[in-house]
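See below for entry34.csv, which holds CSV, C-alpha atoms and all ligand atoms.
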chain,number,residue,atom,x,y,z
A,36,MET,CA,11.9,25.9,9.2
A,37,ARG,CA,8.6,25.7,11.0
A,38,CYS,CA,6.5,22.5,10.3
A,39,ALA,CA,2.9,22.0,11.3
A,40,VAL,CA,2.2,18.4,12.4
A,41,ILE,CA,-1.4,17.4,11.3
A,42,SER,CA,-3.5,14.3,11.7
A,43,ARG,CA,-7.1,13.6,12.7
A,44,LYS,CA,-6.3,9.9,13.1
A,45,PHE,CA,-3.5,9.8,15.7
A,46,ASP,CA,-1.0,11.8,17.7
A,47,LEU,CA,1.6,12.1,15.0
A,48,ARG,CA,4.0,14.3,17.0
A,49,ALA,CA,4.1,11.9,19.9
A,50,TYR,CA,4.6,8.9,17.6
A,51,TYR,CA,7.5,10.6,15.7
A,52,GLY,CA,8.7,12.5,18.7
A,53,LYS,CA,12.2,10.9,18.8
A,54,ALA,CA,12.8,11.4,15.1
A,55,LEU,CA,11.5,15.0,15.2
A,56,ALA,CA,13.7,15.8,18.2
A,57,GLN,CA,16.7,14.6,16.3
A,58,ILE,CA,16.1,17.2,13.5
A,59,ALA,CA,14.9,20.0,15.9
A,60,ASP,CA,17.9,22.2,14.9
A,61,ARG,CA,16.6,22.2,11.3
A,62,ILE,CA,12.8,21.7,11.7
A,63,GLU,CA,10.7,23.3,14.4
A,64,SER,CA,7.7,21.0,14.6
A,65,VAL,CA,4.5,22.4,16.1
A,66,ASP,CA,1.1,20.7,16.6
A,67,HIS,CA,-1.8,21.7,14.4
A,68,PRO,CA,-3.7,23.9,14.8
A,69,VAL,CA,-0.9,26.4,15.2
A,70,THR,CA,-2.3,29.5,16.8
A,71,ASP,CA,0.8,31.6,17.3
A,72,GLY,CA,2.9,32.2,14.2
A,73,ALA,CA,0.8,30.2,11.7
A,74,GLU,CA,2.2,32.4,8.9
A,75,ALA,CA,5.7,31.1,9.6
A,76,VAL,CA,4.7,27.5,8.8
A,77,ARG,CA,6.2,26.6,5.4
A,78,ILE,CA,6.0,22.8,5.6
A,79,ALA,CA,3.7,20.3,7.2
A,80,LEU,CA,3.9,16.6,8.2
A,81,ALA,CA,0.4,15.2,7.6
A,82,TRP,CA,-1.5,11.9,7.6
A,83,HIS,CA,-5.3,12.1,7.1
A,84,PRO,CA,-5.4,15.8,7.7
A,85,HIS,CA,-8.6,17.6,8.9
A,86,ALA,CA,-10.7,18.9,5.9
A,87,ASP,CA,-9.9,22.5,6.7
A,88,ALA,CA,-6.4,21.9,8.0
A,89,PHE,CA,-4.4,23.9,5.4
A,90,GLU,CA,-6.6,27.0,5.4
A,91,ARG,CA,-4.6,28.2,8.4
A,92,TYR,CA,-1.2,28.3,6.7
A,93,PRO,CA,-0.9,31.0,4.0
A,94,ASN,CA,2.8,30.5,3.4
A,95,LEU,CA,2.8,26.7,3.2
A,96,LYS,CA,5.0,25.3,0.4
A,97,ALA,CA,5.1,21.5,0.9
A,98,VAL,CA,3.2,18.8,2.8
A,99,CYS,CA,5.1,15.6,3.6
A,100,THR,CA,3.2,12.3,4.2
A,101,ILE,CA,4.4,9.6,6.5
A,102,GLY,CA,3.9,6.8,3.9
A,103,ALA,CA,4.4,5.7,0.3
A,104,GLY,CA,0.9,6.7,-0.7
A,105,ALA,CA,-0.1,10.4,-0.7
A,106,ASP,CA,-3.8,9.8,-1.4
A,107,ASN,CA,-5.1,10.9,1.9
A,108,VAL,CA,-3.3,14.3,1.7
A,109,LEU,CA,-4.2,14.8,-2.0
A,110,ALA,CA,-7.9,14.2,-1.1
A,111,CYS,CA,-7.9,17.0,1.5
A,112,PRO,CA,-10.2,19.8,0.3
A,113,SER,CA,-8.2,22.6,1.8
A,114,LEU,CA,-4.9,21.6,0.2
A,115,PRO,CA,-3.8,24.6,-1.9
A,116,SER,CA,-3.2,23.7,-5.6
A,117,ASP,CA,0.4,25.1,-5.7
A,118,VAL,CA,1.7,23.2,-2.7
A,119,HIS,CA,4.1,20.2,-3.2
A,120,VAL,CA,3.0,16.9,-1.8
A,121,VAL,CA,5.9,14.7,-0.8
A,122,ARG,CA,5.8,11.0,-0.1
A,123,VAL,CA,8.3,8.9,1.8
A,124,VAL,CA,10.5,6.5,-0.3
A,125,ASP,CA,12.2,4.1,2.0
A,126,PRO,CA,14.0,1.0,0.6
A,127,GLY,CA,13.6,-0.6,4.0
A,128,GLN,CA,9.8,-0.3,3.7
A,129,ALA,CA,10.0,-1.9,0.2
A,130,GLN,CA,12.0,-4.8,1.6
A,131,MET,CA,9.5,-5.3,4.5
A,132,MET,CA,6.7,-5.4,2.0
A,133,ALA,CA,8.6,-7.9,-0.1
A,134,GLY,CA,8.8,-10.2,2.9
A,135,PHE,CA,5.1,-9.7,3.7
A,136,VAL,CA,3.9,-10.5,0.2
A,137,THR,CA,6.2,-13.5,-0.1
A,138,TRP,CA,4.8,-14.9,3.1
A,139,HIS,CA,1.3,-14.7,1.7
A,140,VAL,CA,2.3,-16.1,-1.7
A,141,ILE,CA,3.8,-19.1,0.1
A,142,TRP,CA,0.8,-19.4,2.4
A,143,HIS,CA,-1.3,-20.0,-0.7
A,144,GLN,CA,1.3,-22.1,-2.6
A,145,ARG,CA,2.0,-24.4,0.3
A,146,LYS,CA,-1.6,-24.7,1.5
A,147,PHE,CA,-1.0,-23.4,5.0
A,148,ALA,CA,-4.6,-22.7,5.6
A,149,THR,CA,-5.3,-26.4,5.2
A,150,PHE,CA,-2.4,-27.4,7.5
A,151,MET,CA,-3.7,-25.1,10.2
A,152,GLN,CA,-7.2,-26.6,9.9
A,153,HIS,CA,-5.6,-30.1,10.0
A,154,GLN,CA,-3.7,-29.1,13.2
A,155,ARG,CA,-6.8,-28.0,14.9
A,156,ASP,CA,-8.5,-31.3,13.9
A,157,ARG,CA,-5.4,-33.4,14.8
A,158,ILE,CA,-5.1,-34.7,11.3
A,159,TRP,CA,-1.7,-36.0,10.2
A,160,GLN,CA,-1.8,-35.7,6.4
A,161,ARG,CA,0.8,-34.7,3.9
A,162,LEU,CA,-0.5,-32.6,1.0
A,163,GLU,CA,0.5,-32.6,-2.6
A,164,GLN,CA,2.8,-29.7,-3.1
A,165,ARG,CA,3.5,-27.6,-6.1
A,166,PRO,CA,6.9,-26.0,-7.0
A,167,ALA,CA,7.1,-22.2,-7.2
A,168,SER,CA,7.6,-22.4,-10.9
A,169,THR,CA,4.0,-23.6,-11.4
A,170,VAL,CA,2.4,-20.7,-9.4
A,171,PRO,CA,2.3,-17.5,-11.6
A,172,VAL,CA,2.2,-14.3,-9.7
A,173,ALA,CA,1.2,-10.9,-11.1
A,174,ILE,CA,1.9,-7.5,-9.4
A,175,LEU,CA,-0.3,-4.5,-10.0
A,176,GLY,CA,2.0,-1.5,-9.8
A,177,TYR,CA,5.7,-1.7,-10.6
A,178,GLY,CA,7.0,1.3,-8.6
A,179,LYS,CA,9.5,1.5,-5.8
A,180,ILE,CA,7.7,-1.2,-3.8
A,181,GLY,CA,6.3,-3.4,-6.6
A,182,GLU,CA,9.7,-3.8,-8.2
A,183,ARG,CA,11.3,-4.9,-4.9
A,184,VAL,CA,8.5,-7.4,-4.4
A,185,ALA,CA,8.9,-8.7,-7.9
A,186,THR,CA,12.7,-9.4,-7.6
A,187,HIS,CA,12.1,-11.1,-4.3
A,188,LEU,CA,9.6,-13.5,-5.8
A,189,THR,CA,11.7,-14.3,-9.0
A,190,GLY,CA,14.5,-15.1,-6.6
A,191,LEU,CA,12.3,-17.9,-5.1
A,192,GLY,CA,11.4,-19.2,-8.5
A,193,PHE,CA,7.9,-17.8,-9.0
A,194,PRO,CA,7.1,-16.7,-12.6
A,195,VAL,CA,6.4,-13.0,-12.1
A,196,LYS,CA,4.5,-10.5,-14.2
A,197,ALA,CA,4.0,-6.8,-13.4
A,198,TRP,CA,1.6,-4.1,-14.6
A,199,SER,CA,2.3,-0.4,-14.7
A,200,ARG,CA,0.6,2.6,-16.3
A,201,THR,CA,3.4,3.3,-18.7
A,202,PRO,CA,5.8,0.8,-20.4
A,203,LYS,CA,9.0,0.5,-18.4
A,204,PRO,CA,12.1,-1.6,-18.3
A,205,MET,CA,11.7,-4.7,-16.1
A,206,ALA,CA,14.1,-6.6,-13.9
A,207,PRO,CA,15.4,-9.9,-15.4
A,208,ASP,CA,12.7,-12.6,-15.3
A,209,VAL,CA,9.9,-10.1,-14.8
A,210,GLN,CA,7.5,-9.8,-17.7
A,211,GLY,CA,6.0,-6.3,-18.0
A,212,PHE,CA,2.5,-5.3,-19.1
A,213,HIS,CA,0.8,-1.9,-19.2
A,214,GLY,CA,-2.5,-0.3,-20.1
A,215,ARG,CA,-6.0,-1.9,-20.0
A,216,ASP,CA,-5.3,-4.5,-22.7
A,217,GLY,CA,-2.1,-5.4,-21.0
A,218,LEU,CA,-3.9,-5.9,-17.7
A,219,PHE,CA,-6.3,-8.5,-19.1
A,220,ALA,CA,-3.6,-10.3,-21.1
A,221,MET,CA,-1.6,-10.5,-17.8
A,222,LEU,CA,-4.6,-11.7,-15.7
A,223,ALA,CA,-5.3,-14.6,-18.1
A,224,GLU,CA,-2.0,-16.1,-16.9
A,225,THR,CA,-2.3,-15.1,-13.2
A,226,GLU,CA,-2.9,-17.3,-10.2
A,227,VAL,CA,-1.8,-14.9,-7.4
A,228,LEU,CA,-2.7,-11.2,-7.8
A,229,VAL,CA,-0.8,-8.7,-5.7
A,230,ASN,CA,-2.2,-5.2,-5.5
A,231,LEU,CA,0.5,-2.5,-5.0
A,232,LEU,CA,-1.1,0.4,-6.8
A,233,PRO,CA,-1.5,4.0,-5.5
A,234,LEU,CA,-5.1,5.1,-5.0
A,235,THR,CA,-6.1,7.4,-7.9
A,236,PRO,CA,-9.3,8.0,-9.9
A,237,GLU,CA,-8.1,5.3,-12.4
A,238,THR,CA,-7.4,2.7,-9.7
A,239,ARG,CA,-10.4,3.2,-7.5
A,240,GLY,CA,-12.6,0.1,-7.9
A,241,LEU,CA,-10.1,-1.6,-10.2
A,242,LEU,CA,-10.3,-4.9,-8.3
A,243,ASN,CA,-13.8,-5.8,-9.6
A,244,ARG,CA,-15.7,-8.7,-11.0
A,245,ASP,CA,-14.1,-8.3,-14.5
A,246,VAL,CA,-10.6,-8.6,-13.0
A,247,PHE,CA,-11.4,-11.6,-10.8
A,248,ALA,CA,-13.2,-13.3,-13.7
A,249,ALA,CA,-10.1,-12.8,-15.9
A,250,MET,CA,-7.8,-14.6,-13.5
A,251,LYS,CA,-7.1,-18.4,-13.5
A,252,PRO,CA,-9.9,-20.2,-11.6
A,253,GLY,CA,-9.1,-20.7,-7.9
A,254,GLY,CA,-6.8,-17.7,-7.9
A,255,TYR,CA,-5.6,-15.8,-4.8
A,256,LEU,CA,-5.6,-12.1,-4.0
A,257,ILE,CA,-3.1,-10.2,-1.9
A,258,GLN,CA,-4.6,-6.8,-1.3
A,259,THR,CA,-1.9,-4.4,0.0
A,260,GLY,CA,-2.7,-1.3,-2.0
A,261,ARG,CA,-5.7,0.7,-0.8
A,262,GLY,CA,-9.1,-0.6,0.3
A,263,GLU,CA,-11.0,1.7,-2.0
A,264,GLN,CA,-9.5,-0.1,-5.0
A,265,MET,CA,-11.6,-3.3,-4.3
A,266,VAL,CA,-15.3,-3.7,-4.9
A,267,GLU,CA,-16.2,-5.7,-1.8
A,268,ALA,CA,-19.4,-7.3,-3.2
A,269,ASP,CA,-17.6,-8.5,-6.4
A,270,PHE,CA,-14.7,-9.9,-4.2
A,271,LEU,CA,-17.1,-11.8,-1.9
A,272,SER,CA,-18.9,-13.2,-5.0
A,273,ALA,CA,-15.6,-14.4,-6.4
A,274,LEU,CA,-14.8,-16.1,-3.1
A,275,GLU,CA,-18.2,-17.6,-3.0
A,276,SER,CA,-18.0,-19.1,-6.5
A,277,GLY,CA,-14.5,-20.4,-6.0
A,278,GLN,CA,-13.1,-18.2,-8.8
A,279,LEU,CA,-10.9,-16.9,-5.9
A,280,SER,CA,-9.8,-19.7,-3.5
A,281,GLY,CA,-8.7,-17.2,-0.8
A,282,ALA,CA,-7.3,-13.8,-0.1
A,283,SER,CA,-4.9,-11.9,2.2
A,284,LEU,CA,-6.2,-8.4,3.0
A,285,ASP,CA,-4.2,-5.7,4.6
A,286,VAL,CA,-6.1,-2.6,3.6
A,287,PHE,CA,-9.8,-1.8,3.7
A,288,ALA,CA,-12.3,0.8,2.5
A,289,VAL,CA,-13.1,1.7,6.1
A,290,GLU,CA,-10.2,1.5,8.6
A,291,PRO,CA,-10.4,0.3,11.3
A,292,LEU,CA,-12.6,-2.4,9.8
A,293,PRO,CA,-16.0,-2.3,11.6
A,294,THR,CA,-16.3,-5.2,14.1
A,295,ASP,CA,-19.4,-6.6,12.4
A,296,HIS,CA,-17.8,-6.8,9.0
A,297,VAL,CA,-18.1,-10.2,7.2
A,298,PHE,CA,-14.3,-10.2,6.5
A,299,TRP,CA,-13.4,-10.8,10.2
A,300,HIS,CA,-14.7,-14.3,10.3
A,301,HIS,CA,-14.6,-15.4,6.6
A,302,PRO,CA,-12.9,-18.8,6.4
A,303,LYS,CA,-11.1,-17.9,3.1
A,304,ILE,CA,-9.6,-14.6,4.3
A,305,VAL,CA,-6.4,-13.8,6.2
A,306,MET,CA,-6.4,-10.3,7.6
A,307,THR,CA,-3.9,-7.8,8.9
A,308,PRO,CA,-4.7,-4.2,10.1
A,309,HIS,CA,-2.9,-2.1,7.4
A,310,ASP,CA,0.4,-3.3,8.9
A,311,ALA,CA,2.1,-4.9,5.8
A,312,CYS,CA,5.1,-2.7,6.3
A,313,ASP,CA,6.1,0.6,7.7
A,314,VAL,CA,8.5,3.4,6.9
A,315,SER,CA,11.3,4.0,9.4
A,316,PHE,CA,11.4,7.0,11.7
A,317,ALA,CA,14.7,8.0,10.1
A,318,ALA,CA,13.1,8.0,6.6
A,319,VAL,CA,10.4,10.3,7.7
A,320,ALA,CA,12.9,12.7,9.3
A,321,ASP,CA,15.2,12.6,6.2
A,322,THR,CA,12.2,13.4,4.0
A,323,LEU,CA,11.4,16.5,6.1
A,324,VAL,CA,15.0,17.7,6.1
A,325,ALA,CA,15.3,17.2,2.3
A,326,THR,CA,12.0,18.9,1.7
A,327,ALA,CA,13.0,21.9,3.8
A,328,ALA,CA,16.3,22.2,2.0
A,329,ALA,CA,14.6,22.1,-1.4
A,330,ILE,CA,12.0,24.7,-0.4
A,331,GLU,CA,14.8,27.0,0.9
A,332,ALA,CA,16.6,26.6,-2.4
A,333,GLY,CA,13.4,27.3,-4.4
A,334,GLN,CA,13.4,23.8,-5.8
A,335,ARG,CA,10.9,20.9,-6.2
A,336,PRO,CA,11.4,18.6,-3.2
A,337,PRO,CA,12.7,15.0,-3.9
A,338,HIS,CA,9.8,12.5,-4.1
A,339,ALA,CA,7.2,15.2,-4.7
A,340,VAL,CA,4.2,13.4,-6.3
A,341,ASP,CA,2.9,14.5,-9.7
A,342,ARG,CA,-0.4,16.0,-8.6
A,343,SER,CA,-2.0,15.8,-12.0
A,344,ARG,CA,-1.7,12.0,-12.2
A,345,GLY,CA,-2.4,11.5,-8.4
A,346,TYR,CA,0.7,9.6,-7.3
B,401,LIG,N1,-0.4,-1.8,2.9
B,401,LIG,C1,0.6,-1.1,3.2
B,401,LIG,O1,1.1,-1.1,4.4
B,401,LIG,C2,1.3,-0.2,2.2
B,401,LIG,C3,2.6,0.3,2.4
B,401,LIG,C4,3.2,1.0,1.4
B,401,LIG,C5,2.5,1.2,0.2
B,401,LIG,N2,1.3,0.7,0.0
B,401,LIG,C6,0.6,1.0,-1.3
B,401,LIG,O2,1.5,0.7,-2.4
B,401,LIG,C7,1.4,1.8,-3.3
B,401,LIG,C8,2.6,1.8,-4.2
B,401,LIG,O3,3.8,2.3,-3.6
B,401,LIG,P1,5.1,2.7,-4.4
B,401,LIG,O4,6.0,3.4,-3.5
B,401,LIG,O5,5.5,1.4,-5.1
B,401,LIG,O6,4.5,3.7,-5.5
B,401,LIG,P2,5.2,4.2,-6.8
B,401,LIG,O7,6.6,4.1,-6.8
B,401,LIG,O8,4.6,5.6,-7.1
B,401,LIG,O9,4.6,3.2,-8.0
B,401,LIG,C9,3.3,3.2,-8.4
B,401,LIG,C10,3.2,2.1,-9.5
B,401,LIG,O10,1.8,2.0,-9.8
B,401,LIG,C11,1.6,2.2,-11.2
B,401,LIG,N3,0.3,2.8,-11.6
B,401,LIG,C12,-0.2,4.0,-11.1
B,401,LIG,N4,-1.4,4.2,-11.6
B,401,LIG,C13,-1.6,3.2,-12.5
B,401,LIG,C14,-2.7,2.8,-13.4
B,401,LIG,N5,-3.8,3.6,-13.5
B,401,LIG,N6,-2.6,1.7,-14.1
B,401,LIG,C15,-1.5,0.9,-14.0
B,401,LIG,N7,-0.4,1.2,-13.2
B,401,LIG,C16,-0.5,2.3,-12.4
B,401,LIG,C17,2.8,3.1,-11.7
B,401,LIG,O11,2.9,3.0,-13.1
B,401,LIG,P3,4.2,3.8,-13.8
B,401,LIG,O12,5.4,3.1,-13.4
B,401,LIG,O13,3.8,3.7,-15.2
B,401,LIG,O14,4.1,5.2,-13.3
B,401,LIG,C18,3.9,2.6,-10.8
B,401,LIG,O15,4.4,1.4,-11.4
B,401,LIG,C19,1.1,3.0,-2.4
B,401,LIG,O16,0.6,4.1,-3.1
B,401,LIG,C20,0.1,2.4,-1.5
B,401,LIG,O17,-1.2,2.4,-2.0
B,401,LIG,C21,0.7,0.0,0.9
Give the structure from this file in structure tokens form.
Amino acid sequence: MRCAVISRKFDLRAYYGKALAQIADRIESVDHPVTDGAEAVRIALAWHPHADAFERYPNLKAVCTIGAGADNVLACPSLPSDVHVVRVVDPGQAQMMAGFVTWHVIWHQRKFATFMQHQRDRIWQRLEQRPASTVPVAILGYGKIGERVATHLTGLGFPVKAWSRTPKPMAPDVQGFHGRDGLFAMLAETEVLVNLLPLTPETRGLLNRDVFAAMKPGGYLIQTGRGEQMVEADFLSALESGQLSGASLDVFAVEPLPTDHVFWHHPKIVMTPHDACDVSFAAVADTLVATAAAIEAGQRPPHAVDRSRGY
């Protein structure tokens, strides 16, 4: 099956070259814009596609992303309404995220920012330490990744709460919340807030002054969802007032983050360049093969997002 490879951000075909070569007998991948035989293109592999990218492919049936979030493909104005959008679900990615989030929770719990400052100042000073059981963590989003993160943290003794759109069964020791009222009930008991929500109209701007104010004073934010979900001015005010004692930021409204942005040198912020975790090349290749097989059989591909709810 012919697959157009589309990205205005980086050379997707070069990056995934090895994985695409391994499935070349099933998937013929061709760089966008496909000039010869565009009507034969039935699937696409896309990440931040050009606004008019999909106008060229009249027989397109499915677009696969290279990540867990499909927001950048769903936002493409030329995406036809009847095309499936498929995301990658990779347990290895969820595990990598669990390690990343855990590192930042412990960074806050064990006061590593203070230790690093003391090392720079050559100060030998033990700090009063708190057991994990006294540091309540809440996770926004209890999907494939949020659930993995939650069980990782309960295993280390942190009290864990999780928030989803709909009520759902929770893993042992994870307390579930849903809906707007559920969010604020959860925040009242939250010291560390981990964002693992997909970007949708409902979640855009969700990390705002009301949410920060509802947390326990001196709380900590781990922002690993999407940058557009955070209101930067409200976040900076919460840091300024001490309502938030610090934050770990992996995602930003504008990426790459402009070099003159205040986040770069803010003393209470730890930053990574949207690198919390990655899907494996094999998972991307498997997603393409499974999508092609479903399209050939006239079926809905596995992990196709629900376009009406946006994730
Ligand atoms: N920084 C990174 O490197 C990185 C890497 C991977 C993923 N991510 C982010 O993590 C997100 C989650 O990935 P995933 O695979 O776990 O997604 P998922 O399996 O689709 O789970 C999404 C979760 O968010 C909940 N949710 C969606 N809209 C909501 C709303 N309006 N209110 C409350 N809860 C809502 C869902 O609730 P229901 O269970 O009720 O449906 C579900 O629990 C991605 O979309 C992406 O933004 C970031």
>> Show me which residues line ligand LIG 401 (chain B), defined as having an atom within 6 Å of a ligand atom where all atoms listed in the file count, and present them as a list in words.
In response: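 Residues satisfying the distance criterion: Ala103, Gly104, Gly176, Tyr177, Gly178, Lys179, Ile180, Gly181, Trp198, Ser199, Arg200, Thr201, Leu231, Leu232, Pro233, Leu234, Glu237, Thr238, Thr259, Gly260, Arg261, Asp285, Val286, His309, Asp310, Ala311, Cys312 and Tyr346 of chain A.
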>> Using Å and a single decimal, report how far atom CA of A:Arg244 sits from atom CA of A:Thr189.
In response: 28.0 Å
>> When you look at stretch 73-85 of chain A with a cut-off of 6 Å (counting all atoms listed in the file), what residues show up, excluding the ones that are within fewer than 5 positions of it in the same chain? I need them as a list in words.
In response: Arg37, Cys38, Ala39, Val40, Ile41, Ser42, Arg43, Tyr92, Pro93, Asn94, Leu95, Lys96, Ala97, Val98, Cys99, Thr100 and Asn107 of chain A
Please save C-alpha atoms of the selected residues as a PDB file, in the frame of the given file.
ATOM      1  CA  ARG A  37       8.600  25.700  11.000  1.00  0.00           C
ATOM      2  CA  CYS A  38       6.500  22.500  10.300  1.00  0.00           C
ATOM      3  CA  ALA A  39       2.900  22.000  11.300  1.00  0.00           C
ATOM      4  CA  VAL A  40       2.200  18.400  12.400  1.00  0.00           C
ATOM      5  CA  ILE A  41      -1.400  17.400  11.300  1.00  0.00           C
ATOM      6  CA  SER A  42      -3.500  14.300  11.700  1.00  0.00           C
ATOM      7  CA  ARG A  43      -7.100  13.600  12.700  1.00  0.00           C
ATOM      8  CA  TYR A  92      -1.200  28.300   6.700  1.00  0.00           C
ATOM      9  CA  PRO A  93      -0.900  31.000   4.000  1.00  0.00           C
ATOM     10  CA  ASN A  94       2.800  30.500   3.400  1.00  0.00           C
ATOM     11  CA  LEU A  95       2.800  26.700   3.200  1.00  0.00           C
ATOM     12  CA  LYS A  96       5.000  25.300   0.400  1.00  0.00           C
ATOM     13  CA  ALA A  97       5.100  21.500   0.900  1.00  0.00           C
ATOM     14  CA  VAL A  98       3.200  18.800   2.800  1.00  0.00           C
ATOM     15  CA  CYS A  99       5.100  15.600   3.600  1.00  0.00           C
ATOM     16  CA  THR A 100       3.200  12.300   4.200  1.00  0.00           C
ATOM     17  CA  ASN A 107      -5.100  10.900   1.900  1.00  0.00           C
TER      18      ASN A 107
END
> Which one is closest to A:Gly190: A:Gly217, A:Pro207, A:Gly102, A:Pro336? Count only C-alpha atoms.
Replying inline: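 Ranked by minimum distance to A:Gly190, first place goes to A:Pro207.
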> Quick one: residues within 7 Å of A:Met132, all atoms listed in the file counted, chain neighbours fewer than 3 positions away excluded, as a list in words?
Replying inline: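 Listed by chain and then number, they are Gln128, Ala129, Phe135, Val136, Val184, Ala311 and Cys312 of chain A.
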> Rounded to one decimal in Å, what is the spacing between atom CA of A:Val124 and atom CA of A:Asp341?
Replying inline: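 Distance between the two atoms: 14.5 Å.
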>> Please list as a list in words every residue within 12 Å of A:Arg161, counting only C-alpha atoms and excluding residues in the same chain fewer than 3 positions away.
In response: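 So the residues in contact are Arg145, Lys146, Phe147, Thr149, Phe150, His153, Gln154, Ile158 and Gln164 of chain A.
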> Near A:Arg342, within 9 Å and counting all atoms listed in the file, which residues show up once chain neighbours fewer than 5 positions away are dropped, as an MDAnalysis selection string?
Replying inline: chainID A and resid 109 116 119:120
Output file for the residues above (C-alpha atoms, as a PDB file, keeping the file's coordinate frame):
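Final output, out_10.pdb:
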ATOM      1  CA  LEU A 109      -4.200  14.800  -2.000  1.00  0.00           C
ATOM      2  CA  SER A 116      -3.200  23.700  -5.600  1.00  0.00           C
ATOM      3  CA  HIS A 119       4.100  20.200  -3.200  1.00  0.00           C
ATOM      4  CA  VAL A 120       3.000  16.900  -1.800  1.00  0.00           C
TER       5      VAL A 120
END
